[in-house]
Structure formats: C-alpha cells, structure tokens
$ cat run26.cif   # mmCIF, C-alpha atoms and all ligand atoms
data_model
#
loop_
_atom_site.group_PDB
_atom_site.id
_atom_site.type_symbol
_atom_site.label_atom_id
_atom_site.label_comp_id
_atom_site.auth_asym_id
_atom_site.auth_seq_id
_atom_site.Cartn_x
_atom_site.Cartn_y
_atom_site.Cartn_z
ATOM 1 C CA MET A 1193 8.991 4.571 -16.434
ATOM 2 C CA PHE A 1194 8.935 7.644 -14.180
ATOM 3 C CA HIS A 1195 7.352 5.546 -11.424
ATOM 4 C CA THR A 1196 10.048 2.917 -11.923
ATOM 5 C CA ILE A 1197 12.840 5.453 -11.449
ATOM 6 C CA ILE A 1198 11.215 6.959 -8.332
ATOM 7 C CA PHE A 1199 10.521 3.512 -6.917
ATOM 8 C CA ASN A 1200 14.035 2.291 -7.614
ATOM 9 C CA HIS A 1201 15.392 5.399 -5.939
ATOM 10 C CA ARG A 1202 13.167 4.730 -2.932
ATOM 11 C CA ILE A 1203 14.065 1.069 -2.594
ATOM 12 C CA SER A 1204 17.769 1.854 -3.032
ATOM 13 C CA ARG A 1205 17.414 4.164 -0.036
ATOM 14 C CA VAL A 1206 15.628 1.455 1.957
ATOM 15 C CA PHE A 1207 18.285 -1.101 1.083
ATOM 16 C CA ARG A 1208 21.137 1.293 1.955
ATOM 17 C CA GLU A 1209 19.590 1.782 5.383
ATOM 18 C CA ARG A 1210 19.125 -1.958 5.766
ATOM 19 C CA ARG A 1211 22.716 -2.714 4.823
ATOM 20 C CA ASN A 1212 23.828 -0.300 7.551
ATOM 21 C CA ASP A 1213 21.936 -2.431 9.999
ATOM 22 C CA GLN A 1214 22.899 -5.853 8.748
ATOM 23 C CA LYS A 1215 23.628 -7.434 12.108
ATOM 24 C CA LYS A 1216 20.051 -6.886 13.161
ATOM 25 C CA VAL A 1217 18.724 -8.163 9.851
ATOM 26 C CA TYR A 1218 20.851 -11.338 9.912
ATOM 27 C CA SER A 1219 19.578 -12.282 13.335
ATOM 28 C CA LYS A 1220 15.959 -11.834 12.299
ATOM 29 C CA GLU A 1221 13.850 -14.792 11.359
ATOM 30 C CA ILE A 1222 12.106 -14.485 8.008
ATOM 31 C CA GLY A 1223 8.487 -15.597 7.798
ATOM 32 C CA GLY A 1224 5.888 -16.220 10.455
ATOM 33 C CA ILE A 1225 2.909 -14.067 11.303
ATOM 34 C CA ARG A 1226 3.859 -10.514 12.187
ATOM 35 C CA THR A 1227 1.510 -7.560 12.328
ATOM 36 C CA ALA A 1228 1.693 -4.065 13.744
ATOM 37 C CA GLN A 1229 -0.314 -1.120 14.979
ATOM 38 C CA PHE A 1230 -0.069 2.313 13.419
ATOM 39 C CA LYS A 1231 -0.908 5.625 15.028
ATOM 40 C CA VAL A 1232 -1.108 8.905 13.112
ATOM 41 C CA GLN A 1233 -1.279 11.943 15.397
ATOM 42 C CA GLN A 1234 -2.148 15.429 14.184
ATOM 43 C CA VAL A 1235 -0.252 14.946 10.937
ATOM 44 C CA SER A 1236 -0.104 17.756 8.390
ATOM 45 C CA LYS A 1237 1.978 18.004 5.247
ATOM 46 C CA VAL A 1238 2.862 21.122 3.293
ATOM 47 C CA TYR A 1239 5.007 20.885 0.163
ATOM 48 C CA GLU A 1240 7.157 23.997 0.272
ATOM 49 C CA GLY A 1241 7.895 25.989 -2.887
ATOM 50 C CA ILE A 1242 7.001 29.277 -4.566
ATOM 51 C CA SER A 1243 3.377 28.515 -3.801
ATOM 52 C CA PRO A 1244 3.330 26.002 -0.930
ATOM 53 C CA VAL A 1245 0.812 23.162 -1.285
ATOM 54 C CA VAL A 1246 -1.055 22.273 1.883
ATOM 55 C CA THR A 1247 -1.669 18.611 1.153
ATOM 56 C CA LEU A 1248 -2.790 16.999 4.409
ATOM 57 C CA LYS A 1249 -4.321 18.676 7.443
ATOM 58 C CA ASN A 1250 -4.605 17.379 10.999
ATOM 59 C CA ILE A 1251 -4.848 13.684 10.239
ATOM 60 C CA ASN A 1252 -5.545 11.484 13.267
ATOM 61 C CA LEU A 1253 -5.875 7.772 12.679
ATOM 62 C CA GLN A 1254 -5.230 4.496 14.384
ATOM 63 C CA PHE A 1255 -4.886 1.166 12.608
ATOM 64 C CA GLU A 1256 -5.112 -2.073 14.532
ATOM 65 C CA ASP A 1257 -3.284 -5.379 14.146
ATOM 66 C CA CYS A 1258 -4.476 -7.359 11.125
ATOM 67 C CA GLU A 1259 -6.904 -4.655 10.100
ATOM 68 C CA PHE A 1260 -7.653 -4.052 6.445
ATOM 69 C CA ILE A 1261 -7.988 -0.306 5.972
ATOM 70 C CA CYS A 1262 -8.878 1.478 2.757
ATOM 71 C CA ILE A 1263 -8.001 5.139 2.329
ATOM 72 C CA LEU A 1264 -10.467 6.662 -0.100
ATOM 73 C CA GLY A 1265 -10.315 10.169 -1.525
ATOM 74 C CA PRO A 1266 -10.418 12.221 -4.729
ATOM 75 C CA SER A 1267 -7.399 12.708 -6.952
ATOM 76 C CA GLY A 1268 -4.845 15.075 -5.467
ATOM 77 C CA CYS A 1269 -6.181 14.932 -1.896
ATOM 78 C CA GLY A 1270 -2.938 13.512 -0.534
ATOM 79 C CA LYS A 1271 -3.521 9.735 -0.442
ATOM 80 C CA SER A 1272 -0.088 8.872 -1.858
ATOM 81 C CA THR A 1273 1.480 11.502 0.372
ATOM 82 C CA LEU A 1274 -0.151 9.893 3.417
ATOM 83 C CA LEU A 1275 1.112 6.472 2.360
ATOM 84 C CA GLU A 1276 4.644 7.817 1.833
ATOM 85 C CA LEU A 1277 4.532 9.408 5.296
ATOM 86 C CA LEU A 1278 3.442 6.073 6.782
ATOM 87 C CA ALA A 1279 6.241 4.335 4.863
ATOM 88 C CA GLY A 1280 8.779 6.815 6.219
ATOM 89 C CA LEU A 1281 9.655 7.957 2.694
ATOM 90 C CA GLN A 1282 8.670 11.519 3.612
ATOM 91 C CA LYS A 1283 8.447 13.459 6.865
ATOM 92 C CA PRO A 1284 5.292 15.190 8.090
ATOM 93 C CA THR A 1285 5.476 18.990 8.375
ATOM 94 C CA SER A 1286 3.883 18.611 11.797
ATOM 95 C CA GLY A 1287 2.549 15.736 13.855
ATOM 96 C CA HIS A 1288 3.842 12.246 14.486
ATOM 97 C CA ILE A 1289 3.450 8.714 13.176
ATOM 98 C CA PHE A 1290 4.088 5.686 15.359
ATOM 99 C CA ILE A 1291 4.375 2.034 14.502
ATOM 100 C CA ASP A 1292 4.075 -0.121 17.625
ATOM 101 C CA SER A 1293 4.866 2.993 19.705
ATOM 102 C CA GLU A 1294 8.123 3.590 17.816
ATOM 103 C CA GLU A 1295 8.125 6.855 15.847
ATOM 104 C CA VAL A 1296 8.478 6.457 12.076
ATOM 105 C CA ILE A 1297 11.502 8.531 11.073
ATOM 106 C CA GLY A 1298 12.574 6.709 7.924
ATOM 107 C CA PRO A 1299 12.080 3.504 5.949
ATOM 108 C CA ASN A 1300 11.325 0.602 8.223
ATOM 109 C CA GLU A 1301 11.712 -3.128 7.709
ATOM 110 C CA LYS A 1302 8.299 -3.675 9.314
ATOM 111 C CA LEU A 1303 6.725 -2.181 6.206
ATOM 112 C CA GLY A 1304 6.215 -3.558 2.709
ATOM 113 C CA VAL A 1305 5.158 -1.109 0.010
ATOM 114 C CA VAL A 1306 3.318 -1.803 -3.258
ATOM 115 C CA PHE A 1307 2.945 1.078 -5.712
ATOM 116 C CA GLN A 1308 0.458 1.564 -8.546
ATOM 117 C CA ASP A 1309 3.055 0.489 -11.058
ATOM 118 C CA ALA A 1310 4.716 -2.810 -10.101
ATOM 119 C CA SER A 1311 8.099 -1.117 -10.813
ATOM 120 C CA LEU A 1312 10.029 -4.290 -11.551
ATOM 121 C CA TYR A 1313 13.594 -4.181 -12.864
ATOM 122 C CA PRO A 1314 13.242 -5.201 -16.529
ATOM 123 C CA TRP A 1315 16.650 -6.895 -16.657
ATOM 124 C CA ARG A 1316 15.982 -9.162 -13.675
ATOM 125 C CA THR A 1317 13.850 -12.294 -13.763
ATOM 126 C CA ILE A 1318 10.688 -12.438 -11.650
ATOM 127 C CA PHE A 1319 12.572 -14.587 -9.120
ATOM 128 C CA GLN A 1320 15.392 -12.029 -8.939
ATOM 129 C CA ASN A 1321 12.947 -9.125 -8.685
ATOM 130 C CA VAL A 1322 10.997 -10.714 -5.856
ATOM 131 C CA GLY A 1323 14.175 -11.661 -3.992
ATOM 132 C CA ILE A 1324 15.920 -8.318 -4.391
ATOM 133 C CA GLY A 1325 15.182 -7.084 -0.851
ATOM 134 C CA LEU A 1326 16.543 -10.230 0.769
ATOM 135 C CA GLU A 1327 19.569 -10.212 -1.534
ATOM 136 C CA PHE A 1328 20.422 -6.585 -0.676
ATOM 137 C CA ALA A 1329 19.841 -7.236 3.014
ATOM 138 C CA GLY A 1330 22.432 -10.004 2.859
ATOM 139 C CA TYR A 1331 20.328 -13.077 3.415
ATOM 140 C CA LYS A 1332 21.907 -16.404 2.503
ATOM 141 C CA ARG A 1333 21.031 -17.768 -0.922
ATOM 142 C CA ALA A 1334 19.165 -20.797 0.453
ATOM 143 C CA ALA A 1335 16.969 -18.651 2.718
ATOM 144 C CA THR A 1336 16.252 -16.266 -0.144
ATOM 145 C CA LYS A 1337 15.335 -19.142 -2.471
ATOM 146 C CA LEU A 1338 12.999 -20.700 0.086
ATOM 147 C CA ASN A 1339 11.143 -17.474 0.737
ATOM 148 C CA VAL A 1340 10.966 -16.300 -2.854
ATOM 149 C CA GLU A 1341 9.582 -19.670 -3.906
ATOM 150 C CA LYS A 1342 7.017 -19.566 -1.101
ATOM 151 C CA TYR A 1343 5.690 -16.146 -2.105
ATOM 152 C CA LEU A 1344 5.792 -16.805 -5.833
ATOM 153 C CA LYS A 1345 3.591 -19.799 -5.139
ATOM 154 C CA LEU A 1346 1.289 -17.759 -2.923
ATOM 155 C CA VAL A 1347 0.668 -15.236 -5.719
ATOM 156 C CA GLY A 1348 0.416 -17.971 -8.371
ATOM 157 C CA LEU A 1349 3.626 -17.135 -10.210
ATOM 158 C CA ASP A 1350 5.752 -20.169 -9.363
ATOM 159 C CA GLN A 1351 5.706 -21.241 -13.028
ATOM 160 C CA PHE A 1352 7.040 -17.836 -14.099
ATOM 161 C CA ALA A 1353 10.049 -17.467 -11.826
ATOM 162 C CA GLU A 1354 12.524 -17.426 -14.711
ATOM 163 C CA ASN A 1355 10.498 -15.092 -16.935
ATOM 164 C CA TYR A 1356 11.297 -11.403 -17.331
ATOM 165 C CA PRO A 1357 8.715 -8.685 -16.492
ATOM 166 C CA HIS A 1358 7.947 -7.935 -20.168
ATOM 167 C CA GLN A 1359 6.898 -11.588 -20.598
ATOM 168 C CA LEU A 1360 4.136 -11.205 -17.975
ATOM 169 C CA SER A 1361 0.698 -9.571 -18.140
ATOM 170 C CA GLY A 1362 -0.042 -6.397 -16.139
ATOM 171 C CA GLY A 1363 -1.918 -8.383 -13.491
ATOM 172 C CA MET A 1364 0.943 -10.875 -13.159
ATOM 173 C CA ARG A 1365 3.436 -8.023 -12.747
ATOM 174 C CA GLN A 1366 1.274 -6.583 -9.965
ATOM 175 C CA ARG A 1367 1.280 -9.997 -8.279
ATOM 176 C CA ALA A 1368 5.067 -10.053 -8.524
ATOM 177 C CA GLY A 1369 5.102 -6.601 -6.859
ATOM 178 C CA ILE A 1370 2.953 -7.974 -4.035
ATOM 179 C CA ALA A 1371 5.233 -11.009 -3.635
ATOM 180 C CA ARG A 1372 8.259 -8.688 -3.488
ATOM 181 C CA ALA A 1373 6.613 -6.666 -0.711
ATOM 182 C CA LEU A 1374 5.628 -9.803 1.226
ATOM 183 C CA VAL A 1375 8.885 -11.703 0.947
ATOM 184 C CA SER A 1376 10.636 -9.853 3.776
ATOM 185 C CA SER A 1377 7.681 -10.675 6.008
ATOM 186 C CA PRO A 1378 6.648 -7.086 6.744
ATOM 187 C CA GLU A 1379 4.178 -6.439 9.519
ATOM 188 C CA VAL A 1380 2.237 -3.898 7.493
ATOM 189 C CA LEU A 1381 1.503 -3.850 3.794
ATOM 190 C CA LEU A 1382 1.107 -0.344 2.350
ATOM 191 C CA MET A 1383 -0.536 -0.374 -1.069
ATOM 192 C CA ASP A 1384 -1.021 2.661 -3.298
ATOM 193 C CA GLU A 1385 -3.735 1.974 -5.892
ATOM 194 C CA PRO A 1386 -1.995 -1.280 -6.739
ATOM 195 C CA PHE A 1387 -4.668 -2.428 -9.194
ATOM 196 C CA GLY A 1388 -5.222 0.889 -10.940
ATOM 197 C CA ALA A 1389 -3.469 -0.122 -14.140
ATOM 198 C CA VAL A 1390 -5.193 -3.440 -14.851
ATOM 199 C CA ASP A 1391 -8.480 -4.223 -16.594
ATOM 200 C CA HIS A 1392 -11.694 -4.635 -14.620
ATOM 201 C CA SER A 1393 -11.897 -8.424 -14.400
ATOM 202 C CA THR A 1394 -8.195 -8.753 -13.530
ATOM 203 C CA ARG A 1395 -8.756 -6.148 -10.844
ATOM 204 C CA LEU A 1396 -11.581 -8.177 -9.294
ATOM 205 C CA LYS A 1397 -9.411 -11.299 -9.378
ATOM 206 C CA LEU A 1398 -6.465 -9.464 -7.770
ATOM 207 C CA GLN A 1399 -8.760 -8.150 -5.028
ATOM 208 C CA ASP A 1400 -9.800 -11.733 -4.216
ATOM 209 C CA ASP A 1401 -6.172 -12.903 -4.350
ATOM 210 C CA LEU A 1402 -5.161 -10.126 -1.977
ATOM 211 C CA LEU A 1403 -7.933 -11.015 0.494
ATOM 212 C CA GLU A 1404 -6.814 -14.633 0.436
ATOM 213 C CA ILE A 1405 -3.199 -13.600 1.116
ATOM 214 C CA TRP A 1406 -4.315 -11.218 3.868
ATOM 215 C CA GLU A 1407 -6.284 -13.979 5.552
ATOM 216 C CA LYS A 1408 -3.353 -16.408 5.321
ATOM 217 C CA GLU A 1409 -0.622 -13.956 6.270
ATOM 218 C CA LYS A 1410 -2.499 -11.884 8.876
ATOM 219 C CA LYS A 1411 -0.976 -8.549 7.908
ATOM 220 C CA THR A 1412 -2.214 -5.085 8.647
ATOM 221 C CA VAL A 1413 -3.057 -3.728 5.184
ATOM 222 C CA ILE A 1414 -3.410 -0.032 4.347
ATOM 223 C CA PHE A 1415 -4.754 0.233 0.834
ATOM 224 C CA VAL A 1416 -5.223 3.475 -1.093
ATOM 225 C CA THR A 1417 -7.957 3.642 -3.706
ATOM 226 C CA HIS A 1418 -10.451 6.038 -5.232
ATOM 227 C CA ASP A 1419 -12.833 3.224 -6.091
ATOM 228 C CA VAL A 1420 -15.712 3.062 -3.587
ATOM 229 C CA SER A 1421 -16.776 -0.486 -4.514
ATOM 230 C CA GLU A 1422 -13.195 -1.740 -4.182
ATOM 231 C CA ALA A 1423 -12.936 -0.086 -0.755
ATOM 232 C CA VAL A 1424 -16.114 -1.613 0.688
ATOM 233 C CA TYR A 1425 -15.353 -5.046 -0.752
ATOM 234 C CA LEU A 1426 -11.885 -5.159 0.816
ATOM 235 C CA ALA A 1427 -11.921 -3.142 4.002
ATOM 236 C CA ASP A 1428 -12.743 -3.541 7.645
ATOM 237 C CA ARG A 1429 -12.786 0.267 7.785
ATOM 238 C CA VAL A 1430 -12.835 2.886 5.047
ATOM 239 C CA VAL A 1431 -11.238 6.252 5.781
ATOM 240 C CA LEU A 1432 -12.784 8.926 3.574
ATOM 241 C CA LEU A 1433 -10.572 11.946 2.921
ATOM 242 C CA SER A 1434 -11.768 15.330 1.704
ATOM 243 C CA ALA A 1435 -10.414 17.082 -1.384
ATOM 244 C CA ARG A 1436 -7.058 18.808 -0.817
ATOM 245 C CA PRO A 1437 -6.017 19.623 1.809
ATOM 246 C CA GLY A 1438 -6.929 16.072 2.734
ATOM 247 C CA GLU A 1439 -8.726 15.834 6.059
ATOM 248 C CA VAL A 1440 -10.527 12.823 7.495
ATOM 249 C CA LEU A 1441 -14.182 13.384 6.564
ATOM 250 C CA GLU A 1442 -15.545 10.174 8.006
ATOM 251 C CA ILE A 1443 -14.533 6.624 8.915
ATOM 252 C CA PHE A 1444 -16.890 3.833 7.848
ATOM 253 C CA LYS A 1445 -16.857 0.476 9.561
ATOM 254 C CA ILE A 1446 -17.701 -2.305 7.087
ATOM 255 C CA THR A 1447 -19.186 -5.069 9.165
ATOM 256 C CA VAL A 1448 -20.368 -7.275 6.283
ATOM 257 C CA PRO A 1449 -19.210 -10.837 7.070
ATOM 258 C CA ARG A 1450 -16.431 -12.437 5.001
ATOM 259 C CA PRO A 1451 -16.203 -13.997 2.487
ATOM 260 C CA ARG A 1452 -18.182 -11.181 0.895
ATOM 261 C CA ARG A 1453 -20.345 -11.281 -2.189
ATOM 262 C CA ARG A 1454 -20.072 -8.216 -4.382
ATOM 263 C CA ASN A 1455 -23.858 -8.081 -4.826
ATOM 264 C CA ASP A 1456 -24.598 -8.441 -1.108
ATOM 265 C CA LEU A 1457 -27.208 -5.836 -0.170
ATOM 266 C CA LEU A 1458 -25.327 -4.991 3.017
ATOM 267 C CA LEU A 1459 -22.239 -4.218 0.969
ATOM 268 C CA LEU A 1460 -24.238 -2.095 -1.466
ATOM 269 C CA ASN A 1461 -25.770 -0.222 1.486
ATOM 270 C CA ALA A 1462 -22.277 0.496 2.829
ATOM 271 C CA GLN A 1463 -21.307 1.745 -0.632
ATOM 272 C CA ASN A 1464 -24.367 4.027 -0.750
ATOM 273 C CA LYS A 1465 -23.547 5.530 2.636
ATOM 274 C CA ILE A 1466 -20.094 6.462 1.367
ATOM 275 C CA TYR A 1467 -21.512 7.958 -1.831
ATOM 276 C CA SER A 1468 -23.947 10.030 0.240
ATOM 277 C CA ALA A 1469 -21.043 11.390 2.270
ATOM 278 C CA ILE A 1470 -19.142 12.170 -0.929
ATOM 279 C CA TYR A 1471 -22.090 13.947 -2.552
ATOM 280 C CA GLN A 1472 -22.531 16.099 0.520
ATOM 281 C CA VAL A 1473 -19.116 17.591 -0.155
ATOM 282 C CA SER A 1474 -19.324 20.015 -3.047
ATOM 283 C CA SER A 1475 -16.226 19.550 -5.150
ATOM 284 C CA GLU A 1476 -15.723 18.785 -8.794
ATOM 285 C CA GLU A 1477 -13.068 16.307 -7.773
ATOM 286 C CA ASN A 1478 -15.844 14.018 -6.533
ATOM 287 C CA LEU A 1479 -16.222 12.943 -10.144
ATOM 288 C CA GLU A 1480 -13.040 10.954 -9.595
ATOM 289 C CA TYR A 1481 -14.904 8.217 -7.740
ATOM 290 C CA ASN A 1482 -15.740 5.085 -9.664
ATOM 291 C CA ILE A 1483 -18.997 3.234 -9.390
HETATM 292 N N1 LIG A 1501 6.941 16.046 -4.136
HETATM 293 C C1 LIG A 1501 5.962 16.940 -4.250
HETATM 294 N N2 LIG A 1501 6.235 18.268 -4.302
HETATM 295 C C2 LIG A 1501 5.258 19.189 -4.380
HETATM 296 N N3 LIG A 1501 3.951 18.890 -4.403
HETATM 297 C C3 LIG A 1501 3.611 17.583 -4.350
HETATM 298 C C4 LIG A 1501 4.594 16.548 -4.283
HETATM 299 N N4 LIG A 1501 3.971 15.345 -4.232
HETATM 300 C C5 LIG A 1501 2.655 15.618 -4.295
HETATM 301 N N5 LIG A 1501 2.442 16.955 -4.357
HETATM 302 C C6 LIG A 1501 1.148 17.633 -4.404
HETATM 303 O O1 LIG A 1501 0.383 17.217 -3.286
HETATM 304 C C7 LIG A 1501 -0.965 17.003 -3.660
HETATM 305 C C8 LIG A 1501 -1.368 15.588 -3.292
HETATM 306 O O2 LIG A 1501 -0.637 14.665 -4.107
HETATM 307 P P1 LIG A 1501 -0.805 13.090 -3.914
HETATM 308 O O3 LIG A 1501 0.016 12.436 -4.945
HETATM 309 O O4 LIG A 1501 -0.537 12.741 -2.501
HETATM 310 O O5 LIG A 1501 -2.374 12.914 -4.209
HETATM 311 P P2 LIG A 1501 -3.241 11.611 -4.416
HETATM 312 O O6 LIG A 1501 -4.431 11.726 -3.527
HETATM 313 O O7 LIG A 1501 -2.402 10.403 -4.266
HETATM 314 O O8 LIG A 1501 -3.734 11.765 -5.919
HETATM 315 P P3 LIG A 1501 -4.034 10.611 -7.027
HETATM 316 O O9 LIG A 1501 -5.350 9.983 -6.642
HETATM 317 O O10 LIG A 1501 -4.159 11.387 -8.284
HETATM 318 O O11 LIG A 1501 -2.909 9.640 -7.027
HETATM 319 C C9 LIG A 1501 -1.070 17.318 -5.147
HETATM 320 O O12 LIG A 1501 -1.558 18.622 -5.285
HETATM 321 C C10 LIG A 1501 0.349 17.233 -5.635
HETATM 322 O O13 LIG A 1501 0.569 18.145 -6.675
HETATM 323 MG MG MG A 1502 -1.753 8.880 -5.597
#
$ encode --input "run26.cif" --output "structure tokens" --more "lines below"
Ligand SMILES: Nc1ncnc2c1ncn2[C@@H]1O[C@H](COP(=O)(O)OP(=O)(O)OP(=O)(O)O)[C@@H](O)[C@H]1O
Ligand SMILES: [Mg+2]
Amino acid sequence: MFHTIIFNHRISRVFRERRNDQKKVYSKEIGGIRTAQFKVQQVSKVYEGISPVVTLKNINLQFEDCEFICILGPSGCGKSTLLELLAGLQKPTSGHIFIDSEEVIGPNEKLGVVFQDASLYPWRTIFQNVGIGLEFAGYKRAATKLNVEKYLKLVGLDQFAENYPHQLSGGMRQRAGIARALVSSPEVLLMDEPFGAVDHSTRLKLQDDLLEIWEKEKKTVIFVTHDVSEAVYLADRVVLLSARPGEVLEIFKITVPRPRRRNDLLLLNAQNKIYSAIYQVSSEENLEYNI
C-alpha cells in the first residue's frame, strides 16, 4: 500500500509535468522503435538529515541503445536511489545524468518506470490502469484504445482488460505494470526489482516474457535486482555495486548467445565470476544475494 501511495504520487507528478507540455505530447507519434543512451557522470547522493546517509558515491556509467543492463547490489546499497535518479524522480547531490546528451532534471517522457509493486489503482480496470498515462497526457480515445490493446496483447493480458487488479494474480499484475510502462513508447525501461514479489516459477516466466518484449520492442532496459542468476540470464552487462555507499565494484559483460539456457555452462561461469567478486568484499550484506 505504501508503495502504491508513493508511486501514485510520483506518477501524478509526471502527469502534471506532461500536461504542462501537452502541445509537444499531442504532436508526438505513439509507438515505433525508440531507444536512448544514458550517461551517468560522477554521481553521488547523500540523503540529508540529522545523520546524513551517503548512499551513492562517484558513479560513472554509460548505457548504450538497446542494451539490457542489470544493476546488482546488496540491500541498502542505493539501487533504487540510482534508478530514481535516472528516472529524474530525485536529484543527485553531485554529478550529472544525461539521456541522449540532454541532462535529466525531472521526469521525462523518454522513460518508463516499473516498480517492485505493480502499484495499480484498485478502482480502475486493467485497461484503464494501462492507459492512464495516455489519458492524462490527453491522447484521443481511439489512439489510447489502440495502444492499450496492443500492449495488453503483448503481455498476454488481452483477455483481462475489463478485470480489476484484485482479480489478477501477482504475476499478471506485474505484467500490467510492464504494459503501463510500455504503452507510452518510452525509449528506456527502468525496472526496480519488478519480479521480487512473485513466486519462483512465475519469476522465471516473467523473465522470459520480458526478454521477448525487449527483443520485439528494442528498448534500453535498466533492471535492478539482487539475484545473481536473474542478472546473468537477462543482461548484456551486469553492474555490480558495493554495499552502501554504493560504488561500482565491477562491470561484467555477459557474452553468452541468446536465446540463453539457464543451465548453460557459460552462463554458470559468468554467475560464478560475479559470486567470486561478491565474496571478495567482506560485508554481511552479501548474504542478500540469491543463488
Ligand atoms: N528518502 C530517503 N531519505 C533518507 N534516506 C533514504 C531515502 N531513501 C533511501 N534512503 C536510504 O538510502 C539507502 C539506500 O536505499 P535504497 O532504497 O536506494 O537501497 P536499495 O539498494 O534499493 O535497497 P533494497 O535492495 O533493499 O531495495 C538506505 O540506507 C536507505 O535508508
Ligand atoms: Mg530498492
């Protein structure tokens, strides 16, 4: 529930900004393949307060068009903070973030965000939830319908358009959250442990669904997880963060050809390399990683 309130607050802010810029939004075509490059330069984040929390320290990263990046790190190391900085929902204390050489200074229509909790409005149908961004941005009903239907089909929920969130399983709600993020045709999909709340087999299925969507839609995906096997299965590159303050410990290139098999020895080798790097760092928080 807490996540829902925060998320609703965040998307209200995004929609307010979008409404202020309606002319631009109206003239924009929905759909089509659109990707973007991200650059993170010397970014640090300190949460001020009685005892300030240094959360991220000197992060330098570059994400390429259509890349699938996983951000891996122990609980509390600043993964969600990094994602919120990328999404423009927070400002770095120092450093800069650029998307296609334009500095990120607030929520941006090039970005679609999926949180751990699907955060759907319980009183709206799945169709209405998925279409909410287009509705608030002032798209015509016919255009909204066309796009919502397209993405509901893509995530396998076309038969559930008129259902309410409580009538869906956890995995189906997560799919609806993904469809909602995709429907405005963002260039980058930012995902914060989106499959954390579902059971193991649903999680595996959602990973495969996401890869299929990524291959069809050609998005840049930045996916936060603390599950090493999930990271190596999904990513082109895995960014390993240290315990707080989160710093980039190492970046692993996963060159295993796609489609991948979970029991592929090359994939298991990649997983072992990451575990070795994790075990080299002495912190109790390492126990957070799943096998
Ligand atoms: N709004 C905030 N104000 C103050 N401190 C915050 C705030 N948000 C996060 N923090 C602190 O920053 C640190 C990193 O939090 P963050 O949520 O980014 O971690 P995380 O890596 O996503 O953890 P998890 O894996 O548990 O989700 C934590 O110590 C947290 O207490
Ligand atoms: Mg988090």
$ residues_around --input "run26.cif" --residues "range 1280-1290 of chain A" --least-positions-apart "5" --cutoff "10 Å" --atoms "all atoms listed in the file" --output "count of residues only"
34
$ closest_atom_pairs --input "run26.cif" --of "chain A" --to "ligand LIG 1501 (chain A)" --cutoff "8 Å" --atoms "all atoms listed in the file" --output "JSON lines"
{"residue": "A:Tyr1239", "atom": "CA", "partner": "A:LIG1501", "partner_atom": "C2", "distance": 4.9}
{"residue": "A:Glu1240", "atom": "CA", "partner": "A:LIG1501", "partner_atom": "C2", "distance": 7.0}
{"residue": "A:Gly1241", "atom": "CA", "partner": "A:LIG1501", "partner_atom": "C2", "distance": 7.4}
{"residue": "A:Pro1244", "atom": "CA", "partner": "A:LIG1501", "partner_atom": "C2", "distance": 7.9}
{"residue": "A:Val1245", "atom": "CA", "partner": "A:LIG1501", "partner_atom": "N3", "distance": 6.2}
{"residue": "A:Val1246", "atom": "CA", "partner": "A:LIG1501", "partner_atom": "O1", "distance": 7.4}
{"residue": "A:Thr1247", "atom": "CA", "partner": "A:LIG1501", "partner_atom": "O1", "distance": 5.1}
{"residue": "A:Leu1248", "atom": "CA", "partner": "A:LIG1501", "partner_atom": "C8", "distance": 8.0}
{"residue": "A:Gly1265", "atom": "CA", "partner": "A:LIG1501", "partner_atom": "O6", "distance": 6.4}
{"residue": "A:Pro1266", "atom": "CA", "partner": "A:LIG1501", "partner_atom": "O9", "distance": 5.9}
{"residue": "A:Ser1267", "atom": "CA", "partner": "A:LIG1501", "partner_atom": "O9", "distance": 3.4}
{"residue": "A:Gly1268", "atom": "CA", "partner": "A:LIG1501", "partner_atom": "O5", "distance": 3.5}
{"residue": "A:Cys1269", "atom": "CA", "partner": "A:LIG1501", "partner_atom": "O6", "distance": 4.0}
{"residue": "A:Gly1270", "atom": "CA", "partner": "A:LIG1501", "partner_atom": "O4", "distance": 3.2}
{"residue": "A:Lys1271", "atom": "CA", "partner": "A:LIG1501", "partner_atom": "O6", "distance": 3.8}
{"residue": "A:Ser1272", "atom": "CA", "partner": "A:LIG1501", "partner_atom": "O7", "distance": 3.7}
{"residue": "A:Thr1273", "atom": "CA", "partner": "A:LIG1501", "partner_atom": "O4", "distance": 3.7}
{"residue": "A:Leu1274", "atom": "CA", "partner": "A:LIG1501", "partner_atom": "O4", "distance": 6.6}
{"residue": "A:Asp1384", "atom": "CA", "partner": "A:LIG1501", "partner_atom": "O7", "distance": 7.9}
{"residue": "A:Glu1385", "atom": "CA", "partner": "A:LIG1501", "partner_atom": "O11", "distance": 7.8}
{"residue": "A:Thr1417", "atom": "CA", "partner": "A:LIG1501", "partner_atom": "O9", "distance": 7.5}
{"residue": "A:His1418", "atom": "CA", "partner": "A:LIG1501", "partner_atom": "O9", "distance": 6.6}
{"residue": "A:Arg1436", "atom": "CA", "partner": "A:LIG1501", "partner_atom": "C7", "distance": 7.0}
{"residue": "A:Pro1437", "atom": "CA", "partner": "A:LIG1501", "partner_atom": "C7", "distance": 7.9}
$ closest_residue --input "run26.cif" --among "A:Ser1293, A:Gln1308, A:Ser1468, A:Gln1359" --to "ligand MG 1502 (chain A)" --atoms "only C-alpha atoms and all ligand atoms"
A:Gln1308
$ residues_near_point --input "run26.cif" --point "(-14.4, 0.6, -3.8)" --cutoff "12 Å" --atoms "all atoms listed in the file" --output "PyMOL selection string"
chain A and resi 1261-1265+1385+1387-1388+1395-1396+1399+1415-1427+1429-1432+1446+1454+1459-1460+1462-1464+1466-1467+1480-1483
$ atom_distance --input "run26.cif" --atom1 "CA of Ser1393 in chain A" --atom2 "atom MG of ligand MG 1502 (chain A)"
21.9 Å
$ atom_distance --input "run26.cif" --atom1 "CA of Arg1367 in chain A" --atom2 "CA of Ile1443 in chain A"
28.7 Å
$ atom_distance --input "run26.cif" --atom1 "CA of Asn1461 in chain A" --atom2 "CA of Val1448 in chain A"
10.1 Å
$ closest_residue --input "run26.cif" --among "A:Leu1278, A:Ala1335, A:Pro1386, A:Glu1439" --to "ligand MG 1502 (chain A)" --atoms "all atoms listed in the file"
A:Pro1386
$ closest_residue --input "run26.cif" --among "A:Lys1445, A:Lys1302, A:Arg1333, A:Lys1397" --to "Leu1382 in chain A" --atoms "only C-alpha atoms"
A:Lys1302
$ resolve_selection --input "run26.cif" --expression "the PyMOL selection byres (((chain A and resi 1379) around 10) and not hetatm)" --output "list in words"
Gly1224, Ile1225, Arg1226, Thr1227, Ala1228, Gln1229, Asp1257, Cys1258, Ile1291, Glu1301, Lys1302, Leu1303, Gly1304, Leu1374, Ser1376, Ser1377, Pro1378, Val1380, Leu1381, Leu1382, Glu1409, Lys1410, Lys1411, Thr1412 and Val1413 of chain A
$ resolve_selection --input "run26.cif" --expression "the PyMOL selection byres (((chain A and resi 1339) around 9) and not hetatm)" --output "list in words"
Ile1222, Gly1223, Gly1323, Ala1334, Ala1335, Thr1336, Lys1337, Leu1338, Val1340, Glu1341, Lys1342, Tyr1343, Leu1344, Val1375 and Ser1376 of chain A
$ residues_near_point --input "run26.cif" --point "(0.9, -12.8, -5.1)" --cutoff "9 Å" --atoms "all atoms listed in the file" --output "PyMOL selection string"
chain A and resi 1343-1349+1364+1366-1372+1374+1398+1401-1402+1405
